[in-house]
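This is coords-v1.tsv (TSV, C-alpha atoms).
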chain	number	residue	atom	x	y	z
S	515	VAL	CA	-50.19	-6.55	-41.09
S	516	ARG	CA	-48.60	-9.73	-39.83
S	517	ALA	CA	-45.18	-9.67	-38.25
S	518	ARG	CA	-42.61	-11.49	-40.29
S	519	GLN	CA	-41.34	-14.54	-38.50
S	520	SER	CA	-37.74	-15.62	-38.65
S	521	GLN	CA	-37.00	-18.43	-41.06
S	522	PHE	CA	-34.62	-19.95	-38.52
S	523	ARG	CA	-35.61	-21.83	-35.44
S	524	ILE	CA	-33.04	-23.23	-33.06
S	525	THR	CA	-34.26	-26.02	-30.89
S	526	ALA	CA	-30.90	-26.92	-29.36
S	527	LEU	CA	-27.46	-25.32	-29.35
S	528	ASP	CA	-25.81	-28.35	-30.94
S	529	GLN	CA	-28.17	-28.00	-33.94
S	530	ARG	CA	-27.06	-24.41	-34.64
S	531	ASP	CA	-25.32	-23.79	-37.98
S	532	SER	CA	-22.25	-21.64	-37.23
S	533	SER	CA	-20.71	-21.76	-40.70
S	534	ASP	CA	-21.49	-18.09	-41.47
S	535	ASP	CA	-20.44	-16.70	-38.07
S	536	SER	CA	-16.92	-15.66	-39.12
S	537	GLU	CA	-18.18	-13.82	-42.19
S	538	TYR	CA	-20.88	-12.11	-40.12
S	539	TRP	CA	-18.44	-10.79	-37.51
S	540	LEU	CA	-15.84	-9.82	-40.12
S	541	SER	CA	-18.43	-7.57	-41.75
S	542	TYR	CA	-18.55	-5.54	-38.51
S	543	SER	CA	-14.81	-4.88	-38.62
S	544	THR	CA	-15.30	-2.51	-41.56
S	545	LEU	CA	-18.15	-0.46	-40.06
S	546	LEU	CA	-15.87	2.13	-38.46
S	547	SER	CA	-12.96	3.93	-40.04
S	548	GLU	CA	-9.63	3.83	-38.20
S	549	LYS	CA	-10.11	7.44	-37.14
S	550	LYS	CA	-13.55	6.76	-35.66
S	551	GLU	CA	-12.27	3.62	-33.98
S	552	ARG	CA	-9.49	5.66	-32.33
S	553	VAL	CA	-12.10	8.18	-31.17
S	554	TRP	CA	-14.19	5.39	-29.63
S	555	ASP	CA	-11.10	3.83	-28.04
S	556	ALA	CA	-10.15	7.21	-26.54
S	557	LEU	CA	-13.71	7.67	-25.31
S	558	LEU	CA	-13.66	4.22	-23.71
S	559	ASP	CA	-10.30	4.97	-22.02
S	560	GLY	CA	-11.63	8.28	-20.76
S	561	MET	CA	-14.80	6.71	-19.40
S	562	GLU	CA	-12.80	3.98	-17.62
S	563	LYS	CA	-10.59	6.63	-15.98
S	564	TYR	CA	-13.67	8.65	-15.04
S	565	SER	CA	-15.21	5.53	-13.50
S	566	GLU	CA	-12.03	4.96	-11.46
S	567	VAL	CA	-12.15	8.57	-10.23
S	568	LEU	CA	-15.80	8.23	-9.24
S	569	ASN	CA	-15.15	4.94	-7.42
S	570	SER	CA	-12.20	6.49	-5.60
S	571	ARG	CA	-14.29	9.53	-4.69
S	572	SER	CA	-17.06	7.30	-3.40
S	573	GLY	CA	-14.59	5.55	-1.12
S	574	LEU	CA	-13.23	8.87	0.11
S	575	LEU	CA	-16.74	10.13	0.85
S	576	THR	CA	-17.46	7.01	2.89
S	577	GLU	CA	-14.17	7.43	4.76
S	578	THR	CA	-14.87	11.13	5.37
S	579	GLU	CA	-18.27	10.37	6.84
S	580	ALA	CA	-16.78	7.72	9.14
S	581	LEU	CA	-14.13	10.23	10.29
S	582	ARG	CA	-16.80	12.87	10.94
S	583	THR	CA	-18.73	10.40	13.08
S	584	GLN	CA	-15.59	9.41	14.96
S	585	ASN	CA	-14.67	13.07	15.45
S	586	ALA	CA	-18.11	13.83	16.91
S	587	GLU	CA	-17.78	10.88	19.31
S	588	LEU	CA	-14.31	12.01	20.40
S	589	ARG	CA	-15.54	15.58	20.96
S	590	LEU	CA	-18.33	14.24	23.16
S	591	LEU	CA	-15.89	12.11	25.16
S	592	LEU	CA	-13.50	15.05	25.55
S	593	HIS	CA	-16.34	17.29	26.67
S	594	GLN	CA	-17.41	14.69	29.24
S	595	TYR	CA	-13.82	14.26	30.44
S	596	VAL	CA	-13.12	18.00	30.77
S	597	ASN	CA	-16.40	18.67	32.57
S	598	SER	CA	-16.10	15.72	34.95
S	599	LYS	CA	-16.33	16.54	38.66
S	600	VAL	CA	-13.18	14.54	39.36
S	601	ASN	CA	-11.12	17.17	37.50
S	602	ALA	CA	-11.93	19.80	40.10
S	603	GLU	CA	-10.36	17.60	42.78
S	604	LEU	CA	-7.02	17.30	40.96
S	605	GLU	CA	-4.05	19.50	41.84
S	606	ILE	CA	-3.59	20.46	38.21
S	607	PRO	CA	-6.83	19.85	36.34
S	608	PRO	CA	-6.65	19.02	32.61
S	609	THR	CA	-8.47	22.25	31.79
S	610	ARG	CA	-5.60	24.20	33.34
S	611	VAL	CA	-3.06	22.23	31.26
S	612	LEU	CA	-5.08	22.97	28.13
S	613	GLN	CA	-5.17	26.68	28.98
S	614	LEU	CA	-1.38	26.70	29.44
S	615	GLU	CA	-0.86	24.91	26.12
S	616	LEU	CA	-3.18	27.26	24.26
S	617	ASN	CA	-1.75	30.41	25.91
S	618	PRO	CA	1.96	29.71	26.52
S	619	GLY	CA	2.72	33.34	27.47
S	620	HIS	CA	0.44	33.39	30.51
What does this structure look like when you write it as structure tokens?
Amino acid sequence: VRARQSQFRITALDQRDSSDDSEYWLSYSTLLSEKKERVWDALLDGMEKYSEVLNSRSGLLTETEALRTQNAELRLLLHQYVNSKVNAELEIPPTRVLQLELNPGH
């Protein structure tokens, strides 16, 4: 069985016969009923909104991860600051201030 070859061969774009193009594309306008076209339009709108939500969520996830990293770095710096030997030499060490802020009744 030999494959059927197309009877048309385009060698250059300027040699292309476009006289039947309008009729060809107009035939596609009647493929879907108005009701089905509205369903497809609604589906397209829904998918575009869903895509926007996913893109927004992706950005938020990236931002959340950056904030988690920054939070971990700040916790490390705070830990180093609170446990520094220089704090013991101060009249009112930061750890004492933190205790007073956390327990105002004492």
Exercise on region 574-583 of chain S, axis-aligned box with 8 Å per side, report centre and edge lengths in Å to one decimal, as lines of an AutoDock Vina configuration file:
center_x = -16.0
center_y = 9.9
center_z = 6.6
size_x = 21.5
size_y = 21.9
size_z = 29.0
Q) At what distance in Å, to one decimal, does CA of Ala602 (chain S) lie from CA of Thr583 (chain S)? A)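 So the answer is 29.4 Å.
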Q. When you draw a straight line from CA of Val553 (chain S) to CA of Asn569 (chain S), how long is it in Å?
A.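 If I compute the distance from CA of Val553 (chain S) to CA of Asn569 (chain S), I get 24.2 Å.
Of note, CA of Val611 (chain S) and CA of Leu591 (chain S) are spaced 17.4 Å apart.
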